[in-house]
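One structure is given below, encoded as structure tokens.
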Amino acid sequence: MIRRAAVADLFYAGNAKALRPQVEELLLKGDEKTVAVGAVVPHAGYLYSGGVAGAVYARLDAPESCVVLGPNHTGLGAAAAIMTSGTWETPLREVAIDTELARAILDRSRVLEEDDRAHRKEHAIEVQLPFLQVLFPDLPFVPICLMSHEYGACRDVGQAVAETISASRKRVLVIASTDMSHYVSRELAERKDRMAIDAILDLDPERLHATVLRERISMCGFHPATAMLIAAKALGATRAELVRYATSGDVTKDYSSVVGYAGLIIR
């Protein structure tokens, strides 16, 4: 199966000739590479959040495979959906799913279902792929789309990912794709987003999950981020770093209603 690009020409350039230089321009040069266990990256249009995503990706040493966890914005498909075979198309080329890793994750999870419907029109994972393709050609990946917000589901997926990576002995990067606060003032976004960021910096998935719900932070991928932190801690992560934070207001200059973007590395 080939999962066709759904947001090319909308979130990023729609042809290879334009997309490659677009991504290369967003990747900061000269940053020291680090071996990361996990990462948090935004998924808005590259005009708005590409600089934050690029700052994170530019810091990453090459993994052998990658698990990308994203939220379900469309409401389609299973509550916790994984694809275990096939390829994903971008204007640069197709990206292969790591079938061995994906099937092992599915086998270890009680909540994940094999389901491509949740992925067909979802942008949160797709927009990460051009960065990975430019930096790490031929890197396989595993797409996991979460609609379920329950902490138990996050724990199940995070543990399944960690157990699989430990058993595989591959160097696997676990990415959580999420934007932060949506359509609030920049002042409120920065204040609320800091609470969520601090929980990630403390490697505290339970606190992140509880804080987002209690404070009503409109962080669309807090559940993928929670699952990623659970996996990262189980894999031995000991610290996290905030690479960059920005809002859409930095581009639009409208600070009355912004979306926040945070980029973090967990190692």
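Quick note on naming: the chains in the structure tokens go A, B, ... in the order shown, residues restart at 1 in each chain, and ligands are numbered from 1 in order of appearance.
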
Give me the residues of range 87-109 of chain A that have any atom at most 9 Å from an atom of range 150-165 of chain A; for each, the nearest atom pair and the distance in Å, rounded to one decimal. Use only C-alpha atoms, sort by chain and number, and format it as a tab-separated table.
residue	atom	partner	partner_atom	distance
A:Leu101	CA	A:Thr164	CA	6.9
A:Ala102	CA	A:Thr164	CA	8.8
A:Ala104	CA	A:Thr164	CA	6.1
A:Ile105	CA	A:Ala160	CA	5.4
A:Leu106	CA	A:Ala160	CA	7.6
A:Asp107	CA	A:Ala160	CA	8.2
A:Arg108	CA	A:Ala160	CA	5.1
A:Ser109	CA	A:Ala160	CA	5.5

Would you write out those residues with C-alpha atoms, as a compact mmCIF listing (two decimals), in the first residue's frame?
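Full text of result-v8.txt as output:
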# COMPACT_ATOMS: atom_id res chain seq x y z
CA LEU A 101 9.33 -2.93 14.25
CA ALA A 102 5.70 -1.99 13.61
CA ALA A 104 6.31 -6.08 17.12
CA ILE A 105 4.78 -2.90 18.60
CA LEU A 106 1.31 -4.02 17.54
CA ASP A 107 1.83 -7.46 19.09
CA ARG A 108 2.82 -5.89 22.43
CA SER A 109 -0.11 -3.46 22.61

Within 9 Å of range 49-61 of chain A: each range 144-250 of chain A residue with its shortest pair, only C-alpha atoms, as a tab-separated table:
residue	atom	partner	partner_atom	distance
A:Asp179	CA	A:Ser49	CA	8.6
A:Val243	CA	A:Val56	CA	6.3
A:Arg244	CA	A:Val52	CA	5.8
A:Tyr245	CA	A:Val52	CA	6.8
A:Ala246	CA	A:Val52	CA	7.1
A:Thr247	CA	A:Ser49	CA	7.8
A:Ser248	CA	A:Ser49	CA	7.4

Let's have the selection written as a PDB file, in the first residue's frame, with C-alpha atoms.
ATOM      1  CA  ASP A 179       1.452  21.836  18.482  1.00  0.00           C
ATOM      2  CA  VAL A 243      15.480  23.663  21.797  1.00  0.00           C
ATOM      3  CA  ARG A 244      13.098  26.385  20.688  1.00  0.00           C
ATOM      4  CA  TYR A 245       9.668  27.867  21.370  1.00  0.00           C
ATOM      5  CA  ALA A 246       7.717  30.162  19.046  1.00  0.00           C
ATOM      6  CA  THR A 247       4.184  31.146  18.156  1.00  0.00           C
ATOM      7  CA  SER A 248       2.372  31.853  14.904  1.00  0.00           C
TER       8      SER A 248
END

Shortest interatomic distance to Pro205 in chain A - which of A:Ile230, A:Ser181, A:Pro224, A:Gly236, counting only C-alpha atoms: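 Distance minimum relative to Pro205 in chain A lands on A:Ile230.
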
As a VMD selection string, please: the residues near Gln133 in chain A (cut-off 8 Å, only C-alpha atoms, same-chain neighbours under 4 positions excluded). chain A and resid 92 95 129 137 to 139

Write the residues of the preceding selection, restricted to N, CA and C atoms, as a JSON list (two decimals), in the first residue's frame.
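result_16.json was written with the following content:
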[["chain", "number", "residue", "atom", "x", "y", "z"],
["A", 92, "LEU", "N", 9.31, 14.19, -2.21],
["A", 92, "LEU", "CA", 10.71, 13.79, -2.34],
["A", 92, "LEU", "C", 10.86, 12.36, -2.82],
["A", 95, "VAL", "N", 8.59, 6.73, 1.57],
["A", 95, "VAL", "CA", 9.28, 6.33, 2.79],
["A", 95, "VAL", "C", 8.71, 4.99, 3.23],
["A", 129, "LEU", "N", 7.99, 13.85, 7.72],
["A", 129, "LEU", "CA", 8.75, 12.99, 6.83],
["A", 129, "LEU", "C", 9.76, 13.72, 5.95],
["A", 137, "PRO", "N", 18.37, 9.85, 4.59],
["A", 137, "PRO", "CA", 17.79, 9.14, 3.44],
["A", 137, "PRO", "C", 17.61, 7.66, 3.72],
["A", 138, "ASP", "N", 16.47, 7.15, 3.30],
["A", 138, "ASP", "CA", 16.14, 5.72, 3.43],
["A", 138, "ASP", "C", 15.86, 5.28, 4.87],
["A", 139, "LEU", "N", 15.67, 6.23, 5.79],
["A", 139, "LEU", "CA", 15.31, 5.86, 7.16],
["A", 139, "LEU", "C", 13.88, 5.32, 7.18]]

Strand (DSSP E) per DSSP on the backbone: members of range 14-255 of chain A, as number ranges by chain: A: 38-41, 65-71, 80-82, 87-89, 94-96, 113-114, 141-146, 172-177, 182-184, 240-247

May I have the selected residues written with N, CA and C atoms, as a tab-separated table (two decimals), in the first residue's frame?
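To be explicit, this is the file written out as part13.tsv:
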chain	number	residue	atom	x	y	z
A	38	GLY	N	14.13	10.53	22.32
A	38	GLY	CA	12.84	11.05	21.87
A	38	GLY	C	12.93	12.51	21.49
A	39	ALA	N	11.87	13.01	20.89
A	39	ALA	CA	11.80	14.41	20.50
A	39	ALA	C	10.34	14.85	20.43
A	40	VAL	N	10.13	16.13	20.66
A	40	VAL	CA	8.82	16.76	20.47
A	40	VAL	C	8.98	17.79	19.35
A	41	VAL	N	8.14	17.70	18.33
A	41	VAL	CA	8.22	18.63	17.20
A	41	VAL	C	6.82	19.06	16.79
A	65	SER	N	16.04	3.69	12.87
A	65	SER	CA	14.62	3.65	12.55
A	65	SER	C	13.95	4.72	13.40
A	66	CYS	N	12.67	4.92	13.16
A	66	CYS	CA	11.97	6.02	13.82
A	66	CYS	C	10.51	5.64	14.04
A	67	VAL	N	9.98	5.96	15.21
A	67	VAL	CA	8.56	5.84	15.50
A	67	VAL	C	8.00	7.25	15.61
A	68	VAL	N	6.98	7.56	14.82
A	68	VAL	CA	6.37	8.89	14.86
A	68	VAL	C	4.95	8.76	15.39
A	69	LEU	N	4.72	9.37	16.54
A	69	LEU	CA	3.41	9.37	17.20
A	69	LEU	C	2.73	10.71	16.95
A	70	GLY	N	1.52	10.67	16.44
A	70	GLY	CA	0.80	11.91	16.18
A	70	GLY	C	-0.65	11.81	16.62
A	71	PRO	N	-1.31	12.96	16.78
A	71	PRO	CA	-2.73	12.96	17.13
A	71	PRO	C	-3.60	12.74	15.90
A	80	ALA	N	-6.59	4.13	18.30
A	80	ALA	CA	-5.13	4.02	18.35
A	80	ALA	C	-4.73	3.20	17.13
A	81	ALA	N	-4.20	3.87	16.12
A	81	ALA	CA	-4.04	3.25	14.81
A	81	ALA	C	-2.57	3.20	14.40
A	82	ILE	N	-2.14	2.02	13.96
A	82	ILE	CA	-0.79	1.83	13.47
A	82	ILE	C	-0.85	1.24	12.07
A	87	THR	N	4.29	1.99	2.17
A	87	THR	CA	5.12	3.19	2.12
A	87	THR	C	4.25	4.43	2.23
A	88	TRP	N	4.88	5.54	2.61
A	88	TRP	CA	4.23	6.85	2.61
A	88	TRP	C	4.90	7.71	1.54
A	89	GLU	N	4.10	8.39	0.77
A	89	GLU	CA	4.59	9.24	-0.30
A	89	GLU	C	4.76	10.68	0.17
A	94	GLU	N	9.09	7.99	-1.76
A	94	GLU	CA	8.34	7.20	-0.79
A	94	GLU	C	9.23	6.83	0.39
A	95	VAL	N	8.59	6.73	1.57
A	95	VAL	CA	9.28	6.33	2.79
A	95	VAL	C	8.71	4.99	3.23
A	96	ALA	N	9.57	4.03	3.48
A	96	ALA	CA	9.12	2.69	3.85
A	96	ALA	C	8.78	2.59	5.32
A	113	GLU	N	-4.54	-0.80	16.85
A	113	GLU	CA	-5.17	-1.58	15.79
A	113	GLU	C	-4.48	-1.28	14.47
A	114	GLU	N	-4.38	-2.29	13.63
A	114	GLU	CA	-3.91	-2.09	12.26
A	114	GLU	C	-5.00	-1.35	11.51
A	141	PHE	N	10.30	4.06	9.08
A	141	PHE	CA	9.59	4.63	10.23
A	141	PHE	C	8.33	3.83	10.53
A	142	VAL	N	7.77	4.09	11.70
A	142	VAL	CA	6.51	3.48	12.12
A	142	VAL	C	5.52	4.59	12.45
A	143	PRO	N	4.38	4.67	11.75
A	143	PRO	CA	3.38	5.71	12.04
A	143	PRO	C	2.33	5.21	13.04
A	144	ILE	N	2.12	5.99	14.09
A	144	ILE	CA	1.09	5.67	15.09
A	144	ILE	C	0.24	6.91	15.30
A	145	CYS	N	-1.05	6.79	15.07
A	145	CYS	CA	-1.99	7.91	15.17
A	145	CYS	C	-2.93	7.66	16.35
A	146	LEU	N	-2.94	8.58	17.31
A	146	LEU	CA	-3.74	8.41	18.53
A	146	LEU	C	-4.89	9.40	18.58
A	172	VAL	N	16.55	3.59	17.81
A	172	VAL	CA	15.27	4.07	17.30
A	172	VAL	C	14.92	5.40	17.97
A	173	LEU	N	14.58	6.37	17.18
A	173	LEU	CA	14.13	7.67	17.67
A	173	LEU	C	12.61	7.67	17.78
A	174	VAL	N	12.07	8.14	18.92
A	174	VAL	CA	10.62	8.22	19.12
A	174	VAL	C	10.22	9.69	19.07
A	175	ILE	N	9.42	10.05	18.09
A	175	ILE	CA	9.02	11.44	17.87
A	175	ILE	C	7.55	11.62	18.25
A	176	ALA	N	7.27	12.67	19.01
A	176	ALA	CA	5.89	13.06	19.29
A	176	ALA	C	5.60	14.33	18.49
A	177	SER	N	4.60	14.27	17.65
A	177	SER	CA	4.22	15.40	16.81
A	177	SER	C	3.06	16.14	17.47
A	182	HIS	N	-3.68	26.63	21.19
A	182	HIS	CA	-4.32	27.05	19.95
A	182	HIS	C	-5.25	28.25	20.17
A	183	TYR	N	-5.05	29.30	19.38
A	183	TYR	CA	-5.99	30.40	19.23
A	183	TYR	C	-6.31	31.09	20.55
A	184	VAL	N	-5.25	31.40	21.28
A	184	VAL	CA	-5.34	32.23	22.47
A	184	VAL	C	-4.30	33.34	22.32
A	240	ALA	N	15.91	16.23	29.43
A	240	ALA	CA	15.28	16.83	28.25
A	240	ALA	C	15.74	18.26	28.11
A	241	GLU	N	15.67	18.76	26.90
A	241	GLU	CA	16.13	20.11	26.60
A	241	GLU	C	15.13	20.80	25.69
A	242	LEU	N	14.76	22.03	26.05
A	242	LEU	CA	13.94	22.85	25.17
A	242	LEU	C	14.85	23.49	24.13
A	243	VAL	N	14.65	23.14	22.88
A	243	VAL	CA	15.48	23.66	21.80
A	243	VAL	C	14.98	25.02	21.33
A	244	ARG	N	13.65	25.12	21.18
A	244	ARG	CA	13.10	26.38	20.69
A	244	ARG	C	11.61	26.43	20.96
A	245	TYR	N	11.11	27.63	21.23
A	245	TYR	CA	9.67	27.87	21.37
A	245	TYR	C	9.32	29.09	20.53
A	246	ALA	N	8.19	29.04	19.86
A	246	ALA	CA	7.72	30.16	19.05
A	246	ALA	C	6.20	30.11	18.97
A	247	THR	N	5.63	31.15	18.41
A	247	THR	CA	4.18	31.15	18.16
A	247	THR	C	3.94	31.64	16.73

Quick check, in Å to one decimal: how far apart do CA of Arg216 in chain A and CA of Gly260 in chain A lie? 14.3 Å

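Going from CA of Leu47 in chain A to CA of Arg93 in chain A covers 21.7 Å.
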
Among range 70-167 of chain A, which ones does DSSP place in alpha helix (DSSP H), written as a VMD selection string? chain A and resid 99 to 108 123 to 126 129 to 135 151 to 167

Go ahead and write the selection's residues with C-alpha atoms as an mmCIF file, in the first residue's frame.
data_model
loop_
_atom_site.group_PDB
_atom_site.id
_atom_site.type_symbol
_atom_site.label_atom_id
_atom_site.label_comp_id
_atom_site.auth_asym_id
_atom_site.auth_seq_id
_atom_site.Cartn_x
_atom_site.Cartn_y
_atom_site.Cartn_z
ATOM 1 C CA THR A 99 7.388 -3.584 9.148
ATOM 2 C CA GLU A 100 9.369 -5.670 11.625
ATOM 3 C CA LEU A 101 9.331 -2.933 14.255
ATOM 4 C CA ALA A 102 5.695 -1.988 13.613
ATOM 5 C CA ARG A 103 4.368 -5.532 13.900
ATOM 6 C CA ALA A 104 6.307 -6.079 17.115
ATOM 7 C CA ILE A 105 4.783 -2.905 18.602
ATOM 8 C CA LEU A 106 1.307 -4.016 17.537
ATOM 9 C CA ASP A 107 1.828 -7.457 19.087
ATOM 10 C CA ARG A 108 2.819 -5.892 22.428
ATOM 11 C CA HIS A 123 -1.100 15.782 8.556
ATOM 12 C CA ALA A 124 0.692 15.495 11.916
ATOM 13 C CA ILE A 125 2.938 12.603 10.891
ATOM 14 C CA GLU A 126 3.218 13.448 7.200
ATOM 15 C CA LEU A 129 8.754 12.989 6.833
ATOM 16 C CA PRO A 130 10.466 15.543 4.551
ATOM 17 C CA PHE A 131 12.775 16.543 7.417
ATOM 18 C CA LEU A 132 13.666 12.904 8.008
ATOM 19 C CA GLN A 133 14.114 12.274 4.281
ATOM 20 C CA VAL A 134 16.508 15.179 3.798
ATOM 21 C CA LEU A 135 18.574 14.369 6.880
ATOM 22 C CA TYR A 151 -3.656 7.910 30.165
ATOM 23 C CA GLY A 152 -4.018 4.139 30.119
ATOM 24 C CA ALA A 153 -3.900 4.133 26.311
ATOM 25 C CA CYS A 154 -0.829 6.369 26.353
ATOM 26 C CA ARG A 155 0.858 4.034 28.828
ATOM 27 C CA ASP A 156 -0.002 0.972 26.752
ATOM 28 C CA VAL A 157 1.434 2.460 23.557
ATOM 29 C CA GLY A 158 4.496 3.912 25.265
ATOM 30 C CA GLN A 159 5.324 0.639 26.948
ATOM 31 C CA ALA A 160 4.801 -1.338 23.727
ATOM 32 C CA VAL A 161 7.134 1.017 21.869
ATOM 33 C CA ALA A 162 9.802 0.821 24.593
ATOM 34 C CA GLU A 163 9.659 -2.958 24.907
ATOM 35 C CA THR A 164 9.937 -3.369 21.145
ATOM 36 C CA ILE A 165 12.882 -1.009 20.826
ATOM 37 C CA SER A 166 14.686 -2.724 23.711
ATOM 38 C CA ALA A 167 14.173 -6.125 22.112
#

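Taking CA of Ala36 in chain A and CA of Met195 in chain A as the two end points, the separation is 22.7 Å.
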
Give me the residues within 6 Å of Arg267 in chain A as a VMD selection string, counting only C-alpha atoms and dropping any in the same chain fewer than 3 places off. chain A and resid 36 to 37 237 239

For the residues selected in the previous step, produce a file with C-alpha atoms as an mmCIF file, in the first residue's frame.
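That gives us out_36.cif:
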data_model
loop_
_atom_site.group_PDB
_atom_site.id
_atom_site.type_symbol
_atom_site.label_atom_id
_atom_site.label_comp_id
_atom_site.auth_asym_id
_atom_site.auth_seq_id
_atom_site.Cartn_x
_atom_site.Cartn_y
_atom_site.Cartn_z
ATOM 1 C CA ALA A 36 18.314 11.313 21.217
ATOM 2 C CA VAL A 37 15.823 8.845 22.620
ATOM 3 C CA ALA A 237 16.235 8.782 29.152
ATOM 4 C CA ARG A 239 17.086 14.595 30.698
#

From the list A:Gly263, A:Gly86, A:Gly249, A:Pro140, which residue is nearest Ala62 in chain A when using only C-alpha atoms? A:Pro140

Need to verify the contact set: Met180 in chain A, 9 Å, only C-alpha atoms, exclusion of same-chain residues closer than 2 positions in sequence. Can you return it as a list of chain:residue names?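 Listed by chain and then number, they are A:Pro42, A:Thr178, A:His182, A:Ala189, A:Lys192, A:Asp193, A:Ala196, A:Ile217, A:Ser218, A:Met219, A:Cys220, A:Gly221, A:Phe222, A:Thr247, A:Val259, A:Gly260, A:Tyr261, A:Ala262.
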
If you keep N, CA and C atoms, can you produce a file of those selected residues as a PDB file, in the first residue's frame?
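The resulting file, part30.pdb, is shown below:
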ATOM      1  N   PRO A  42       6.684  20.290  16.298  1.00  0.00           N
ATOM      2  CA  PRO A  42       5.360  20.765  15.864  1.00  0.00           C
ATOM      3  C   PRO A  42       5.012  20.275  14.468  1.00  0.00           C
ATOM      4  N   THR A 178       3.295  17.384  17.858  1.00  0.00           N
ATOM      5  CA  THR A 178       2.245  18.150  18.536  1.00  0.00           C
ATOM      6  C   THR A 178       2.480  19.646  18.396  1.00  0.00           C
ATOM      7  N   HIS A 182      -3.685  26.626  21.189  1.00  0.00           N
ATOM      8  CA  HIS A 182      -4.323  27.049  19.947  1.00  0.00           C
ATOM      9  C   HIS A 182      -5.251  28.247  20.173  1.00  0.00           C
ATOM     10  N   ALA A 189      -0.804  31.815  25.802  1.00  0.00           N
ATOM     11  CA  ALA A 189      -0.150  30.648  25.214  1.00  0.00           C
ATOM     12  C   ALA A 189       1.192  30.393  25.884  1.00  0.00           C
ATOM     13  N   LYS A 192       0.592  29.069  29.567  1.00  0.00           N
ATOM     14  CA  LYS A 192       0.078  27.703  29.646  1.00  0.00           C
ATOM     15  C   LYS A 192       1.055  26.694  29.043  1.00  0.00           C
ATOM     16  N   ASP A 193       1.647  27.049  27.924  1.00  0.00           N
ATOM     17  CA  ASP A 193       2.581  26.129  27.293  1.00  0.00           C
ATOM     18  C   ASP A 193       3.785  25.853  28.181  1.00  0.00           C
ATOM     19  N   ALA A 196       3.175  22.870  30.403  1.00  0.00           N
ATOM     20  CA  ALA A 196       3.337  21.593  29.707  1.00  0.00           C
ATOM     21  C   ALA A 196       4.806  21.318  29.404  1.00  0.00           C
ATOM     22  N   ILE A 217      -5.253  23.125  28.469  1.00  0.00           N
ATOM     23  CA  ILE A 217      -4.283  23.561  27.469  1.00  0.00           C
ATOM     24  C   ILE A 217      -4.631  22.884  26.143  1.00  0.00           C
ATOM     25  N   SER A 218      -4.819  23.666  25.121  1.00  0.00           N
ATOM     26  CA  SER A 218      -5.254  23.110  23.823  1.00  0.00           C
ATOM     27  C   SER A 218      -4.056  22.594  23.024  1.00  0.00           C
ATOM     28  N   MET A 219      -3.304  21.701  23.650  1.00  0.00           N
ATOM     29  CA  MET A 219      -2.130  21.050  23.050  1.00  0.00           C
ATOM     30  C   MET A 219      -2.635  19.803  22.340  1.00  0.00           C
ATOM     31  N   CYS A 220      -2.672  19.842  21.014  1.00  0.00           N
ATOM     32  CA  CYS A 220      -3.404  18.819  20.275  1.00  0.00           C
ATOM     33  C   CYS A 220      -2.758  17.435  20.340  1.00  0.00           C
ATOM     34  N   GLY A 221      -1.449  17.376  20.611  1.00  0.00           N
ATOM     35  CA  GLY A 221      -0.780  16.087  20.659  1.00  0.00           C
ATOM     36  C   GLY A 221      -0.226  15.747  22.028  1.00  0.00           C
ATOM     37  N   PHE A 222      -0.935  16.146  23.070  1.00  0.00           N
ATOM     38  CA  PHE A 222      -0.405  15.856  24.412  1.00  0.00           C
ATOM     39  C   PHE A 222      -0.389  14.363  24.694  1.00  0.00           C
ATOM     40  N   THR A 247       5.626  31.146  18.413  1.00  0.00           N
ATOM     41  CA  THR A 247       4.184  31.146  18.156  1.00  0.00           C
ATOM     42  C   THR A 247       3.940  31.641  16.734  1.00  0.00           C
ATOM     43  N   VAL A 259      -0.971  30.234  17.783  1.00  0.00           N
ATOM     44  CA  VAL A 259      -0.719  28.830  18.075  1.00  0.00           C
ATOM     45  C   VAL A 259       0.731  28.712  18.525  1.00  0.00           C
ATOM     46  N   GLY A 260       0.964  27.934  19.588  1.00  0.00           N
ATOM     47  CA  GLY A 260       2.307  27.778  20.106  1.00  0.00           C
ATOM     48  C   GLY A 260       3.002  26.549  19.525  1.00  0.00           C
ATOM     49  N   TYR A 261       4.318  26.637  19.415  1.00  0.00           N
ATOM     50  CA  TYR A 261       5.132  25.540  18.873  1.00  0.00           C
ATOM     51  C   TYR A 261       6.355  25.354  19.757  1.00  0.00           C
ATOM     52  N   ALA A 262       6.566  24.130  20.212  1.00  0.00           N
ATOM     53  CA  ALA A 262       7.717  23.823  21.050  1.00  0.00           C
ATOM     54  C   ALA A 262       8.511  22.677  20.434  1.00  0.00           C
TER      55      ALA A 262
END

Residues near range 116-120 of chain A, cut-off 8 Å, only C-alpha atoms, skip fewer than 3 positions along chain, as a VMD selection string: chain A and resid 3 to 4 6 72 74 to 78 81 to 83 145

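Ranking A:His73, A:His43, A:His149, A:Lys233 by their shortest atom-to-atom distance to Leu213 in chain A, with only C-alpha atoms included, puts A:His149 first.
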
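Here the question is which of A:Asn15, A:Ser168, A:Thr90, A:Ser257 gets nearest to Gln128 in chain A using only C-alpha atoms, and that residue is A:Thr90.
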